Structures are given as structure tokens and as C-alpha cells.
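What's in input31.txt: compact mmCIF, C-alpha atoms
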# COMPACT_ATOMS: atom_id res chain seq x y z
CA MET X 27 129.65 77.09 99.95
CA SER X 28 127.75 79.75 101.86
CA PRO X 29 124.46 81.02 100.46
CA VAL X 30 124.12 84.49 98.90
CA LEU X 31 120.59 84.66 100.24
CA LYS X 32 119.12 83.05 103.32
CA ALA X 33 115.53 83.38 104.52
CA GLN X 34 114.21 81.86 107.72
CA GLY X 35 110.74 81.64 109.19
CA LEU X 36 109.13 84.09 106.78
CA VAL X 37 105.49 84.84 107.42
CA HIS X 38 103.46 87.47 105.64
CA ARG X 39 99.72 88.02 105.66
CA TYR X 40 97.34 90.10 103.64
CA GLY X 41 93.65 89.56 104.15
CA ASP X 42 92.98 85.85 104.39
CA PHE X 43 96.17 84.99 102.53
CA ARG X 44 99.15 83.81 104.53
CA LEU X 45 102.54 83.13 103.01
CA GLU X 46 104.87 80.89 104.99
CA VAL X 47 108.38 80.02 103.99
CA PRO X 48 110.20 78.23 106.82
CA ARG X 49 113.61 78.20 105.11
CA LEU X 50 115.04 79.18 101.76
CA GLU X 51 118.61 79.48 100.59
CA VAL X 52 120.11 80.54 97.30
CA TYR X 53 123.71 79.74 96.43
CA PRO X 54 126.15 81.58 94.16
CA GLY X 55 125.70 80.59 90.53
CA GLU X 56 122.38 78.92 91.24
CA ILE X 57 119.12 79.52 89.39
CA LEU X 58 116.15 78.81 91.63
CA ALA X 59 112.73 78.64 89.99
CA VAL X 60 109.71 79.58 92.09
CA LEU X 61 106.71 77.80 90.62
CA GLY X 62 103.09 77.76 91.57
CA PRO X 63 99.62 78.60 90.31
CA SER X 64 98.40 82.20 90.18
CA GLY X 65 97.83 83.55 93.67
CA SER X 66 100.21 81.11 95.32
CA GLY X 67 102.44 83.92 96.62
CA LYS X 68 105.33 83.97 94.15
CA THR X 69 105.44 87.75 93.75
CA THR X 70 105.03 88.29 97.49
CA LEU X 71 107.90 85.90 98.16
CA LEU X 72 110.15 87.73 95.71
CA ARG X 73 109.29 91.07 97.28
CA LEU X 74 110.00 89.72 100.74
CA LEU X 75 113.33 88.33 99.57
CA SER X 76 114.23 91.64 97.94
CA GLY X 77 113.51 93.63 101.09
CA LEU X 78 110.84 95.73 99.36
CA LEU X 79 108.29 94.09 101.60
CA LEU X 80 108.98 93.47 105.26
CA PRO X 81 107.83 90.14 106.68
CA GLU X 82 105.65 90.01 109.74
CA GLU X 83 107.89 87.26 111.05
CA GLY X 84 111.24 85.86 110.08
CA ARG X 85 114.23 87.43 108.40
CA VAL X 86 116.12 87.59 105.16
CA GLU X 87 119.90 87.76 105.11
CA GLY X 88 122.28 88.34 102.27
CA GLY X 89 123.98 91.03 100.25
CA PHE X 90 122.34 93.36 97.80
CA ARG X 91 119.32 91.84 96.07
CA ALA X 92 117.84 93.50 92.99
CA TYR X 93 114.22 92.89 92.07
CA LEU X 94 112.86 93.01 88.55
CA PRO X 95 109.04 93.23 88.52
CA GLN X 96 106.90 91.63 85.86
CA ALA X 97 106.35 94.95 84.10
CA PRO X 98 109.61 96.77 84.81
CA PRO X 99 109.07 100.53 84.92
CA LEU X 100 111.05 102.57 82.44
CA LEU X 101 111.88 106.20 82.97
CA ARG X 102 110.88 108.86 80.45
CA ARG X 103 114.47 109.13 79.34
CA SER X 104 116.74 107.63 76.72
CA VAL X 105 117.65 103.95 76.70
CA LEU X 106 121.17 104.86 77.85
CA GLU X 107 119.93 107.03 80.73
CA ASN X 108 117.59 104.25 81.82
CA ALA X 109 120.42 101.75 81.79
CA ALA X 110 122.68 104.08 83.78
CA PHE X 111 119.99 105.01 86.31
CA GLY X 112 120.92 102.48 88.99
CA LEU X 113 124.56 103.52 88.82
CA ARG X 114 123.62 107.18 89.08
CA LEU X 115 121.51 106.38 92.17
CA ARG X 116 124.67 104.96 93.69
CA GLY X 117 126.60 108.12 93.01
CA VAL X 118 128.64 106.89 90.05
CA PRO X 119 129.69 109.97 88.02
CA ARG X 120 127.70 110.46 84.84
CA GLY X 121 130.59 109.82 82.43
CA GLU X 122 131.56 106.55 84.06
CA ALA X 123 127.92 105.46 84.46
CA TRP X 124 127.21 106.13 80.79
CA ALA X 125 130.35 104.30 79.65
CA ARG X 126 129.46 101.23 81.70
CA ALA X 127 125.83 101.42 80.60
CA SER X 128 126.88 101.64 76.94
CA ALA X 129 128.99 98.50 77.28
CA MET X 130 126.10 96.69 78.99
CA LEU X 131 123.66 97.78 76.29
CA GLU X 132 125.98 96.27 73.68
CA ARG X 133 125.97 93.06 75.71
CA VAL X 134 122.15 92.87 75.75
CA GLY X 135 121.87 93.79 72.08
CA LEU X 136 120.58 97.33 72.54
CA GLY X 137 123.74 99.27 71.70
CA ALA X 138 122.25 100.70 68.52
CA LYS X 139 119.23 102.04 70.41
CA ALA X 140 121.11 103.74 73.24
CA ARG X 141 120.10 107.27 72.25
CA GLN X 142 116.45 106.68 71.49
CA PRO X 143 113.65 107.25 74.01
CA ALA X 144 113.05 104.13 76.09
CA HIS X 145 109.30 104.20 75.51
CA LEU X 146 109.88 103.36 71.83
CA LEU X 147 111.35 99.95 72.69
CA SER X 148 109.38 96.76 72.08
CA GLY X 149 108.29 94.64 75.05
CA GLY X 150 111.25 92.30 74.71
CA GLU X 151 113.73 95.15 74.36
CA ALA X 152 112.23 96.87 77.41
CA VAL X 153 112.78 93.74 79.51
CA ARG X 154 116.37 93.46 78.26
CA LEU X 155 116.94 97.10 79.11
CA ALA X 156 115.53 96.60 82.61
CA LEU X 157 117.72 93.54 83.04
CA ALA X 158 120.77 95.48 81.85
CA ARG X 159 119.97 98.24 84.35
CA THR X 160 119.64 95.66 87.12
CA LEU X 161 122.84 93.82 86.22
CA LEU X 162 124.78 97.09 86.18
CA VAL X 163 124.22 97.62 89.91
CA GLU X 164 125.92 94.26 90.46
CA PRO X 165 123.49 92.55 92.82
CA GLY X 166 124.50 89.37 94.60
CA VAL X 167 121.05 88.00 93.89
CA LEU X 168 118.68 88.72 91.02
CA LEU X 169 114.99 88.32 91.80
CA LEU X 170 112.89 88.17 88.66
CA ASP X 171 109.12 88.07 88.46
CA GLU X 172 107.96 86.47 85.21
CA PRO X 173 110.59 88.27 83.14
CA THR X 174 109.57 86.65 79.85
CA ALA X 175 105.81 86.45 80.41
CA SER X 176 104.90 88.61 77.43
CA LEU X 177 107.90 88.00 75.19
CA ASP X 178 108.22 86.19 71.89
CA PRO X 179 110.51 83.12 71.86
CA ALA X 180 113.51 84.98 70.40
CA ASN X 181 113.43 87.71 73.06
CA ALA X 182 112.75 85.13 75.77
CA ALA X 183 115.81 83.17 74.63
CA GLN X 184 117.96 86.30 74.85
CA VAL X 185 116.73 86.99 78.38
CA GLU X 186 117.40 83.39 79.37
CA ALA X 187 120.93 83.62 77.97
CA LEU X 188 121.52 86.74 80.10
CA LEU X 189 120.26 84.94 83.20
CA ARG X 190 122.59 82.01 82.53
CA GLU X 191 125.47 84.47 82.12
CA ALA X 192 124.57 86.16 85.40
CA ALA X 193 124.52 82.82 87.19
CA GLY X 194 127.79 81.93 85.46
CA GLU X 195 129.31 85.03 87.03
CA GLY X 196 128.35 83.74 90.47
CA LYS X 197 125.12 85.60 91.07
CA GLY X 198 122.18 83.85 92.61
CA VAL X 199 119.06 84.00 90.43
CA VAL X 200 115.54 83.54 91.74
CA LEU X 201 113.02 83.29 88.96
CA ALA X 202 109.25 83.24 89.45
CA THR X 203 107.72 81.81 86.33
CA HIS X 204 104.63 80.13 84.91
CA ASP X 205 106.67 78.75 82.05
CA LEU X 206 107.50 75.17 82.98
CA PHE X 207 109.68 74.70 79.89
CA GLN X 208 111.70 77.72 80.90
CA ALA X 209 112.06 76.47 84.46
CA ARG X 210 113.20 73.10 83.12
CA ARG X 211 115.74 74.77 80.80
CA LEU X 212 117.18 77.17 83.36
CA ALA X 213 116.64 76.09 86.92
CA HIS X 214 118.98 74.10 89.11
CA ARG X 215 116.43 73.88 91.87
CA VAL X 216 112.68 74.40 92.18
CA VAL X 217 110.47 75.68 94.98
CA PHE X 218 106.80 74.90 94.45
CA LEU X 219 104.32 77.17 96.22
CA PHE X 220 100.65 76.44 96.70
CA LEU X 221 98.29 78.77 98.57
CA GLY X 222 101.21 80.46 100.30
CA GLN X 223 102.88 77.24 101.49
CA VAL X 224 106.10 75.65 100.23
CA VAL X 225 104.77 72.30 99.10
CA GLU X 226 107.96 70.98 97.58
CA GLU X 227 111.57 72.01 97.17
CA ALA X 228 113.80 69.82 95.03
CA PRO X 229 116.54 69.78 92.42
CA ALA X 230 114.93 70.72 89.09
CA SER X 231 115.62 67.40 87.39
CA LEU X 232 114.01 65.49 90.24
CA PHE X 233 111.04 67.87 90.50
CA PHE X 234 110.19 67.57 86.82
CA GLN X 235 110.76 63.80 86.62
CA ARG X 236 109.33 62.63 89.91
CA PRO X 237 107.42 65.31 91.82
CA GLN X 238 106.88 64.07 95.36
CA ASP X 239 103.73 65.98 96.27
CA PRO X 240 100.43 65.21 94.54
CA ARG X 241 99.82 68.97 94.16
CA SER X 242 103.14 69.40 92.35
CA GLN X 243 102.22 66.50 90.12
CA ALA X 244 98.80 67.99 89.41
CA PHE X 245 100.42 71.36 88.61
CA LEU X 246 102.89 69.80 86.17
CA GLU X 247 100.07 67.95 84.47
CA GLY X 248 98.06 71.14 84.13
CA ARG X 249 95.38 70.01 86.55
CA LEU X 250 96.09 72.66 89.15
CA LEU X 251 95.37 76.19 88.02
CA MET E 23 96.41 154.52 73.49
CA GLU E 24 99.90 154.77 72.01
CA ALA E 25 101.66 151.63 70.77
CA ALA E 26 104.57 152.31 73.13
CA GLU E 27 102.23 152.32 76.10
CA LEU E 28 100.61 149.12 74.89
CA TRP E 29 104.00 147.42 74.82
CA GLU E 30 104.90 148.82 78.21
CA ILE E 31 101.69 147.38 79.70
CA ALA E 32 102.17 144.03 77.98
CA LEU E 33 105.76 143.72 79.18
CA ARG E 34 104.76 144.64 82.74
CA SER E 35 102.01 142.00 82.66
CA LEU E 36 104.53 139.44 81.49
CA TRP E 37 107.09 140.08 84.17
CA VAL E 38 104.56 140.43 86.99
CA ALA E 39 102.82 137.16 86.05
CA GLY E 40 106.13 135.43 85.30
CA LEU E 41 107.65 136.40 88.64
CA ALA E 42 104.44 135.45 90.46
CA THR E 43 104.48 132.02 88.76
CA LEU E 44 108.10 131.49 89.71
CA LEU E 45 107.49 132.59 93.28
CA ALA E 46 104.47 130.29 93.57
CA ALA E 47 106.23 127.35 91.90
CA LEU E 48 109.11 127.32 94.38
CA PRO E 49 106.95 125.98 97.22
CA ALA E 50 104.06 124.60 95.11
CA VAL E 51 106.10 122.09 93.08
CA PRO E 52 107.77 120.43 96.10
CA LEU E 53 104.43 120.48 97.94
CA GLY E 54 102.63 118.78 95.04
CA LEU E 55 105.37 116.15 94.77
CA TRP E 56 105.46 115.61 98.52
CA LEU E 57 101.68 115.18 98.70
CA ALA E 58 101.91 112.70 95.81
CA LEU E 59 104.58 110.75 97.72
CA LYS E 60 102.35 110.70 100.80
CA GLY E 61 99.51 109.10 98.92
CA GLY E 62 97.84 112.33 97.86
CA GLY E 63 97.78 114.06 101.20
CA GLY E 64 94.59 112.41 102.35
CA PHE E 65 91.06 113.68 101.88
CA PHE E 66 91.51 116.90 103.87
CA GLY E 67 94.87 117.76 102.34
CA ARG E 68 93.46 117.41 98.85
CA ALA E 69 90.22 119.15 99.74
CA LEU E 70 92.17 122.12 101.12
CA LEU E 71 94.37 122.31 98.06
CA TYR E 72 91.51 122.01 95.59
CA ALA E 73 89.53 124.60 97.57
CA GLY E 74 92.46 126.92 96.84
CA LEU E 75 91.64 126.61 93.16
CA ALA E 76 88.40 128.47 93.80
CA LEU E 77 90.08 131.19 95.83
CA PRO E 78 88.37 134.48 94.85
CA SER E 79 91.03 136.86 93.55
CA VAL E 80 89.29 139.88 95.07
CA VAL E 81 89.48 138.28 98.51
CA VAL E 82 93.17 137.61 98.04
CA GLY E 83 93.57 141.21 96.88
CA LEU E 84 91.72 142.48 99.92
CA PHE E 85 93.89 140.34 102.22
CA PHE E 86 97.07 141.76 100.71
CA TYR E 87 95.61 145.27 100.75
CA LEU E 88 95.03 145.00 104.51
CA LEU E 89 98.45 143.45 104.98
CA LEU E 90 100.35 146.05 102.95
CA SER E 91 98.35 149.20 103.63
CA ARG E 92 100.06 151.87 105.71
CA SER E 93 98.30 150.74 108.91
CA GLY E 94 98.75 147.05 108.11
CA PRO E 95 101.41 144.77 109.63
CA LEU E 96 103.62 145.01 106.54
CA GLY E 97 102.78 148.61 105.71
CA SER E 98 106.31 149.79 106.48
CA LEU E 99 107.59 147.89 103.46
CA GLY E 100 105.85 150.39 101.19
CA LEU E 101 104.79 147.70 98.73
CA LEU E 102 101.15 148.73 98.26
CA TYR E 103 100.45 150.07 94.76
CA THR E 104 103.69 148.63 93.42
CA PRO E 105 104.09 145.77 90.91
CA TYR E 106 105.63 143.71 93.72
CA ALA E 107 102.36 143.73 95.65
CA MET E 108 100.69 142.40 92.50
CA VAL E 109 103.36 139.72 92.23
CA LEU E 110 102.64 138.58 95.81
CA ALA E 111 98.87 138.44 95.33
CA GLU E 112 99.13 136.67 91.99
CA ALA E 113 101.62 134.18 93.44
CA VAL E 114 99.08 133.23 96.10
CA LEU E 115 96.48 132.66 93.37
CA ALA E 116 98.88 130.62 91.22
CA PHE E 117 100.12 128.49 94.13
CA PRO E 118 97.15 126.05 94.46
CA LEU E 119 96.89 125.75 90.68
CA ILE E 120 100.51 124.66 90.34
CA ALA E 121 100.46 122.37 93.38
CA ALA E 122 97.21 120.69 92.29
CA PHE E 123 98.51 120.09 88.74
CA VAL E 124 101.77 118.65 90.06
CA LEU E 125 99.93 116.45 92.56
CA SER E 126 97.51 115.02 90.03
CA GLY E 127 100.28 114.40 87.49
CA ALA E 128 102.79 112.86 89.88
CA ARG E 129 100.37 110.68 91.85
CA GLY E 130 100.06 108.16 89.04
CA ARG E 131 103.80 107.57 88.86
CA VAL E 132 104.77 107.44 92.53
CA GLU E 133 104.52 103.71 93.02
CA GLU E 134 106.48 102.71 89.94
CA VAL E 135 109.18 105.29 90.60
CA ARG E 136 109.47 104.16 94.23
CA LEU E 137 109.60 100.51 93.16
CA LEU E 138 112.29 101.28 90.59
CA VAL E 139 114.47 103.30 92.96
CA ARG E 140 114.18 100.82 95.81
CA SER E 141 114.58 97.71 93.64
CA LEU E 142 117.89 99.10 92.38
CA GLY E 143 119.11 99.69 95.91
CA GLY E 144 118.28 103.41 96.02
CA ARG E 145 117.18 105.26 99.16
CA GLU E 146 113.67 106.55 99.88
CA GLY E 147 115.15 110.05 99.72
CA GLN E 148 116.02 109.50 96.05
CA VAL E 149 112.40 108.90 95.10
CA LEU E 150 111.44 112.59 95.21
CA PRO E 151 114.13 113.92 92.83
CA THR E 152 113.42 111.04 90.43
CA LEU E 153 109.71 111.77 90.61
CA PHE E 154 110.44 115.45 89.96
CA TRP E 155 112.31 114.68 86.76
CA GLU E 156 109.76 112.08 85.67
CA SER E 157 106.95 114.61 86.18
CA ARG E 158 108.56 117.33 84.09
CA ARG E 159 105.76 117.23 81.52
CA THR E 160 103.26 117.80 84.27
CA LEU E 161 105.45 120.59 85.59
CA ALA E 162 105.23 122.36 82.26
CA ALA E 163 101.44 122.10 82.34
CA ALA E 164 101.39 123.23 85.97
CA LEU E 165 103.50 126.29 85.21
CA ALA E 166 101.32 127.12 82.21
CA ALA E 167 98.22 126.89 84.41
CA GLY E 168 99.82 129.03 87.11
CA PHE E 169 100.97 131.64 84.61
CA GLY E 170 97.56 131.64 82.92
CA GLY E 171 95.89 132.20 86.27
CA ALA E 172 98.27 135.01 87.19
CA ILE E 173 98.25 136.94 83.93
CA SER E 174 94.47 136.82 83.50
CA GLU E 175 93.73 137.92 87.06
CA VAL E 176 92.18 141.36 87.55
CA GLY E 177 90.61 141.69 91.02
CA ALA E 178 93.72 141.43 93.17
CA ALA E 179 95.84 143.37 90.67
CA THR E 180 93.41 146.29 90.86
CA LEU E 181 93.19 146.28 94.66
CA VAL E 182 96.91 146.06 95.45
CA GLY E 183 98.29 147.61 92.27
CA GLY E 184 95.85 150.44 91.97
CA ASP E 185 96.06 150.47 88.17
CA ILE E 186 98.49 153.39 88.12
CA ARG E 187 99.49 154.46 84.62
CA HIS E 188 103.15 153.77 83.76
CA HIS E 189 103.59 152.08 87.12
CA THR E 190 101.19 149.23 87.93
CA ARG E 191 98.86 149.13 84.95
CA VAL E 192 98.74 145.64 83.44
CA LEU E 193 96.76 144.18 80.55
CA THR E 194 93.74 143.10 82.58
CA THR E 195 93.37 146.32 84.56
CA ALA E 196 93.95 148.36 81.41
CA ILE E 197 91.17 146.49 79.62
CA VAL E 198 88.78 147.41 82.45
CA VAL E 199 89.82 151.08 82.32
CA GLU E 200 89.65 151.35 78.52
CA THR E 201 86.23 149.66 78.46
CA ARG E 202 84.90 152.05 81.11
CA LYS E 203 86.21 154.99 79.10
CA GLY E 204 84.40 153.67 76.06
CA GLU E 205 87.70 153.09 74.25
CA LEU E 206 86.58 149.75 72.95
CA GLU E 207 89.22 149.57 70.20
CA SER E 208 92.02 149.91 72.73
CA ALA E 209 90.29 147.45 75.07
CA LEU E 210 89.99 144.93 72.25
CA ALA E 211 93.63 145.44 71.22
CA LEU E 212 94.72 144.84 74.82
CA GLY E 213 92.47 141.78 74.95
CA PHE E 214 94.08 140.33 71.85
CA ILE E 215 97.55 141.00 73.24
CA LEU E 216 96.57 139.21 76.45
CA LEU E 217 95.27 136.25 74.49
CA GLY E 218 98.39 136.24 72.33
CA VAL E 219 100.71 136.30 75.35
CA ALA E 220 98.81 133.48 77.02
CA LEU E 221 98.89 131.39 73.84
CA LEU E 222 102.59 132.10 73.26
CA VAL E 223 103.60 131.09 76.77
CA THR E 224 101.45 127.96 76.64
CA ALA E 225 102.95 127.02 73.27
CA LEU E 226 106.45 127.49 74.63
CA LEU E 227 105.69 125.26 77.59
CA ILE E 228 104.21 122.58 75.33
CA ILE E 229 107.41 122.66 73.25
CA LEU E 230 109.45 122.33 76.44
CA GLU E 231 107.22 119.44 77.50
CA ARG E 232 107.93 117.61 74.21
CA GLU E 233 111.66 118.13 74.65
For the file at hand, write its structure as C-alpha cells.
Amino acid sequence: MSPVLKAQGLVHRYGDFRLEVPRLEVYPGEILAVLGPSGSGKTTLLRLLSGLLLPEEGRVEGGFRAYLPQAPPLLRRSVLENAAFGLRLRGVPRGEAWARASAMLERVGLGAKARQPAHLLSGGEAVRLALARTLLVEPGVLLLDEPTASLDPANAAQVEALLREAAGEGKGVVLATHDLFQARRLAHRVVFLFLGQVVEEAPASLFFQRPQDPRSQAFLEGRLL
Amino acid sequence: MEAAELWEIALRSLWVAGLATLLAALPAVPLGLWLALKGGGGFFGRALLYAGLALPSVVVGLFFYLLLSRSGPLGSLGLLYTPYAMVLAEAVLAFPLIAAFVLSGARGRVEEVRLLVRSLGGREGQVLPTLFWESRRTLAAALAAGFGGAISEVGAATLVGGDIRHHTRVLTTAIVVETRKGELESALALGFILLGVALLVTALLIILERE
């Protein structure tokens, strides 16, 4: 199976910080968790993979990658218009974009709120809306930065279900998270970053049961902040 | 002063200031948005724009007087002492107000709008129209500020309009004339109309902003 995303020899610097990712691949239907303490470079890696940030060295190959930041911006428009925004950017006629957005809002449980202003949504609803908007543009890879960081368990579970569905449809999902339980529930594979370096990359089950690197072990035991 | 003349002056003030605001907004709104996209236009860009806020209206009036007078470069247009000359001068005064309001309102949203557009696969060229629509509340405030500046202006209007009765007399110039004549009742009535017009237009823009 060929990867939907392939990165090679990525190097990016800002100040004293240097992120280095020699090789990273994401396969269709795979959920890859990017773990690491704060400041390890997770967000930078996601931005590099999305193409929003250009690496100083190396390259990223793959189809369209959509990036969902930790606090996804919402437009000062209705929930429906927000959902349809990505489609409208791609020139989809308004009627068709709204019809597809309506169906997607039903899928993420926001159908009843389609007409209300987006800023009235709760935090969990806002993330689901942003995810719906991202899914509508049909990316090959979804890059998500702490999508459930500020959500209650019920909303987090809904977001996780949507990510599983997306992977089930053959999309690659890259998820930066601090939530080890979530990574254990969702991920097929884990990349562990520490101070900008890939310290360990392993299947999720192996990583959580027998981490190979002492820093991974320390992180899982809560000794590495 | 007759009520009919009062209305005539008020209506003329409205259309002169309205047209000046529109004329100024056409370049000022894109400029404000563009400067916001370019990180605020740098220190000198912003300094130049904000300096425009303190532009003395009499100096602007004098500039247009020299430009439009019979011996001036645009004298052949015959615009001096017409409402259109007042429109031009007031547009120049409203321009920095509108651009500065748009810039300060849009600057705070540039990064998130750009991130959103680009993360969904949009082009850099789609950031500006999105920012325009997202800044519509600021636009309303900017237009209100521009209109307020234009309708309350007196120096340039006097110089290039000449305060000609039934032709270029507007609320501000009429207030000056009535006060000089000692017709304080008329001057006060005109003053209240001016205040009322300014409040009405501002209220309308606030309603639009809510919508």
C-alpha cells in the first residue's frame, strides 16, 4: 500500500529549537498519534506536514492535507456557512455547498443548529463544526492539533468517533495529542517527539506496552513534562 | 431661515458627505485590508496613515482651491464653488479615517483568516475577500467615522464650496453664517439637525453592524 503522506529529511529551526524528522509516512486508513511533552515540536511538525510551514530542508509529498489547529477559527457567520466555507473556497456553487454542508452537519450532530451564529456554539460543538468543515473538503490526510484538548468526555467521544469514521473511509489521520488514553484508544501507530527529535516510532500497542526509549517510558509514566 | 431652506441645506449636507464617504471608501477599504494583510504596513506606512487623521481641513481646502481655481491645473473642469468640489475635499479628509479604522479592525483577524483559508486548501488570494467579509462590523464603524468626519467638516467646504445660498451651502457653513449674522436660533436649529443626522447615520450603521 502506498502512503497518503510521505515526509523525508524534514528540518525546521526557530531560535535555538530545531525540529528534525528524517522520515515519516502515513497510510490510508491509519491513525498516527504524535506524542511528546509541551515544546517538543508537535504543532510545528503538523504545520510542516500540512504545507502551511515550509521546511528549511526536506520535503513533504502527498495529496491534499487539511490542518485543524487547536483552536479552530470560526467565521462570523452561521454554522451552515462555516461548514460550507471550504467548499465555497473551492468554487462549489452555493446551493450544492449548502446541501452537502447540511448533510455533514447532521452527521456531526449539529443539524439543528445550522442556522444559528457559529459563535453561539459550545467549545465541543465548535470543534465538531470545524471538523465537519474540514471533512467536507475531502482531504487525503487530516492533521489535527489537540482537537479534544478542552472538551468534555462526551464531546471528545463524538470527535473520536468522527476520526475513526474518517480513517474508515481511507483517510490518513495524524493526531497530535497530550491525551495518552485517547492515543491508546485511537492510534494505530505512535511517533514520540522529544526536543524536536523523533525518539521513537512504533505500533501503538507496542509503544504503550513496551516503550523502547527511556524518554518514552518516562513520558508514559508522567516523569517527563 | 425658512423650513424649506433648512431641509434643502440638510439634504445637500447628506448627499455631499455621503458621496464623499463612498468615494473615499472605494480606495480606503481595500488599502486598510491590504495593509492589514501586509502586517500593518510597517511603522512608516502606519505613521503616514495615522498622520492623515490629523490632516487640517483648511489645508485640504486650500489645496483643492489651488487645484480647481481658474488658473489651477484642473480649473477647466469648472468644479470650484460646486458641491462636487466639496465632495472631493471631504473625500480626502474621510480617506485616512476609513483606512485607519479598517486597518485596526482587520489586523487582529488576519492570521486566523489566513490559517483557515490555507488549511482548507484555499489560495492566498482568497484571504482578502474573506477578511473583507469578516471585517464587515469594522467597515460599518469605518464608514460611520468617515461620514462623521465629512459631514462635520467646515474649513474645506467653505474654501471650495464658497457657501453659496441654494447651491453649496451645507449645515456646517450655514451655522457659521447664521452665527455671524447673530441669528442664533437658526444656527442652533441647524446645529441640532447636524447632530440628528450624525446620530441617525451612526445608528443605522450600528444596526447594519448587528445584522
Contacts of stretch 80-97 of chain X at 6 Å (all atoms listed in the file; same-chain gap of 6+ positions) as a PyMOL selection string: (chain X and resi 30-38+74+165-173) or (chain E and resi 141-142)
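By all atoms listed in the file, and with residues fewer than 6 positions from E:Trp56 along its chain excluded, the set lying at most 10 Å from it is Ala50, Gly62, Gly63, Ala121, Val124, Leu125, Ala128, Arg129, Leu150, Leu153 and Phe154 of chain E.
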Counting only C-alpha atoms, closest pick from E:Leu77, E:Ala32, E:Val219, E:Ile228 relative to E:Arg158 is E:Ile228
Could you list, as an MDAnalysis selection string, every residue within 10 Å of E:Gly177, counting all atoms listed in the file and ignoring same-chain residues fewer than 4 positions away? chainID E and resid 78:84 111:112 181:183 194:195
Based on all atoms listed in the file, which of the residues in chain E come within 8 Å of chain X? I want them as an mmCIF file with C-alpha atoms, in the coordinates of the input.
data_model
loop_
_atom_site.group_PDB
_atom_site.id
_atom_site.type_symbol
_atom_site.label_atom_id
_atom_site.label_comp_id
_atom_site.auth_asym_id
_atom_site.auth_seq_id
_atom_site.Cartn_x
_atom_site.Cartn_y
_atom_site.Cartn_z
ATOM 1 C CA GLU E 134 106.480 102.710 89.940
ATOM 2 C CA VAL E 135 109.180 105.290 90.600
ATOM 3 C CA LEU E 137 109.600 100.510 93.160
ATOM 4 C CA LEU E 138 112.290 101.280 90.590
ATOM 5 C CA VAL E 139 114.470 103.300 92.960
ATOM 6 C CA ARG E 140 114.180 100.820 95.810
ATOM 7 C CA SER E 141 114.580 97.710 93.640
ATOM 8 C CA LEU E 142 117.890 99.100 92.380
ATOM 9 C CA GLY E 143 119.110 99.690 95.910
ATOM 10 C CA GLY E 144 118.280 103.410 96.020
ATOM 11 C CA GLN E 148 116.020 109.500 96.050
ATOM 12 C CA GLU E 156 109.760 112.080 85.670
#
Between atom CA of X:Ala109 and atom CA of X:Gly198, what is the distance, to one decimal in Å? 21.0 Å
In Å, rounded to a single decimal, give me how far atom CA of E:Leu70 is from atom CA of E:Thr180. 26.3 Å
Report, in Å with one decimal, the straight-line distance from atom CA of X:Leu75 to atom CA of X:Leu177.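 Here the two named atoms are 25.0 Å from each other.
Nearest-residue note for X:Pro48: choosing from X:Val153, X:Leu71, X:Val134, X:Ala202, the minimum distance belongs to X:Leu71, counting all atoms listed in the file.
The shortest atom-to-atom distance to X:Leu72, with all atoms listed in the file taken into account, belongs to X:Val199 out of X:Pro54, X:Gly135, X:Thr174, X:Val199.
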Compile the contact shell of E:Ala172 as JSON, numbers by chain: residues with an atom at most 9 Å away, counting all atoms listed in the file, same-chain residues fewer than 4 positions apart removed. {"E": [38, 39, 40, 42, 43, 109, 111, 112, 113, 115, 116, 167, 168, 176]}
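Distances to X:Phe245 were evaluated for X:Leu219, X:Leu212, X:Ala152, X:Ala175 using all atoms listed in the file, and the minimum falls at X:Leu219.
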Which residues are near E:Leu28? Cut-off 10 Å, all atoms listed in the file, ignore same chain within fewer than 5 positions. Put them as a tab-separated table (two decimals) with C-alpha atoms, in the coordinates of the input.
chain	number	residue	atom	x	y	z
E	23	MET	CA	96.41	154.52	73.49
E	33	LEU	CA	105.76	143.72	79.18
E	34	ARG	CA	104.76	144.64	82.74
E	192	VAL	CA	98.74	145.64	83.44
E	193	LEU	CA	96.76	144.18	80.55
E	196	ALA	CA	93.95	148.36	81.41
E	208	SER	CA	92.02	149.91	72.73
E	211	ALA	CA	93.63	145.44	71.22
E	212	LEU	CA	94.72	144.84	74.82
E	215	ILE	CA	97.55	141.00	73.24
Is it possible to get the residues within 12 Å of (100.7, 81.1, 101.5) (coordinates as in the file, counting only C-alpha atoms) written as a PDB file with C-alpha atoms, in the frame of the given file?
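result-v9.pdb, freshly written:
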ATOM      1  CA  LEU X  36     109.130  84.090 106.780  1.00  0.00           C
ATOM      2  CA  VAL X  37     105.490  84.840 107.420  1.00  0.00           C
ATOM      3  CA  HIS X  38     103.460  87.470 105.640  1.00  0.00           C
ATOM      4  CA  ARG X  39      99.720  88.020 105.660  1.00  0.00           C
ATOM      5  CA  TYR X  40      97.340  90.100 103.640  1.00  0.00           C
ATOM      6  CA  GLY X  41      93.650  89.560 104.150  1.00  0.00           C
ATOM      7  CA  ASP X  42      92.980  85.850 104.390  1.00  0.00           C
ATOM      8  CA  PHE X  43      96.170  84.990 102.530  1.00  0.00           C
ATOM      9  CA  ARG X  44      99.150  83.810 104.530  1.00  0.00           C
ATOM     10  CA  LEU X  45     102.540  83.130 103.010  1.00  0.00           C
ATOM     11  CA  GLU X  46     104.870  80.890 104.990  1.00  0.00           C
ATOM     12  CA  VAL X  47     108.380  80.020 103.990  1.00  0.00           C
ATOM     13  CA  PRO X  48     110.200  78.230 106.820  1.00  0.00           C
ATOM     14  CA  GLY X  62     103.090  77.760  91.570  1.00  0.00           C
ATOM     15  CA  PRO X  63      99.620  78.600  90.310  1.00  0.00           C
ATOM     16  CA  SER X  64      98.400  82.200  90.180  1.00  0.00           C
ATOM     17  CA  GLY X  65      97.830  83.550  93.670  1.00  0.00           C
ATOM     18  CA  SER X  66     100.210  81.110  95.320  1.00  0.00           C
ATOM     19  CA  GLY X  67     102.440  83.920  96.620  1.00  0.00           C
ATOM     20  CA  LYS X  68     105.330  83.970  94.150  1.00  0.00           C
ATOM     21  CA  THR X  69     105.440  87.750  93.750  1.00  0.00           C
ATOM     22  CA  THR X  70     105.030  88.290  97.490  1.00  0.00           C
ATOM     23  CA  LEU X  71     107.900  85.900  98.160  1.00  0.00           C
ATOM     24  CA  PHE X 218     106.800  74.900  94.450  1.00  0.00           C
ATOM     25  CA  LEU X 219     104.320  77.170  96.220  1.00  0.00           C
ATOM     26  CA  PHE X 220     100.650  76.440  96.700  1.00  0.00           C
ATOM     27  CA  LEU X 221      98.290  78.770  98.570  1.00  0.00           C
ATOM     28  CA  GLY X 222     101.210  80.460 100.300  1.00  0.00           C
ATOM     29  CA  GLN X 223     102.880  77.240 101.490  1.00  0.00           C
ATOM     30  CA  VAL X 224     106.100  75.650 100.230  1.00  0.00           C
ATOM     31  CA  VAL X 225     104.770  72.300  99.100  1.00  0.00           C
TER      32      VAL X 225
END
Ref. answer, residues at most 12 Å from (127.0, 78.5, 82.4) with all atoms listed in the file, as a list in words: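 Residues with an atom at most 12 Å from (127.0, 78.5, 82.4): Gly55, Glu56, Ile57, Glu186, Ala187, Leu188, Leu189, Arg190, Glu191, Ala192, Ala193, Gly194, Glu195, Gly196, Lys197, Arg211, Leu212, Ala213 and His214 of chain X.
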Selected residue, from E:Arg191, E:Arg159, E:Arg92, E:Lys60, that lies nearest to E:Trp29 when counting all atoms listed in the file: E:Arg191
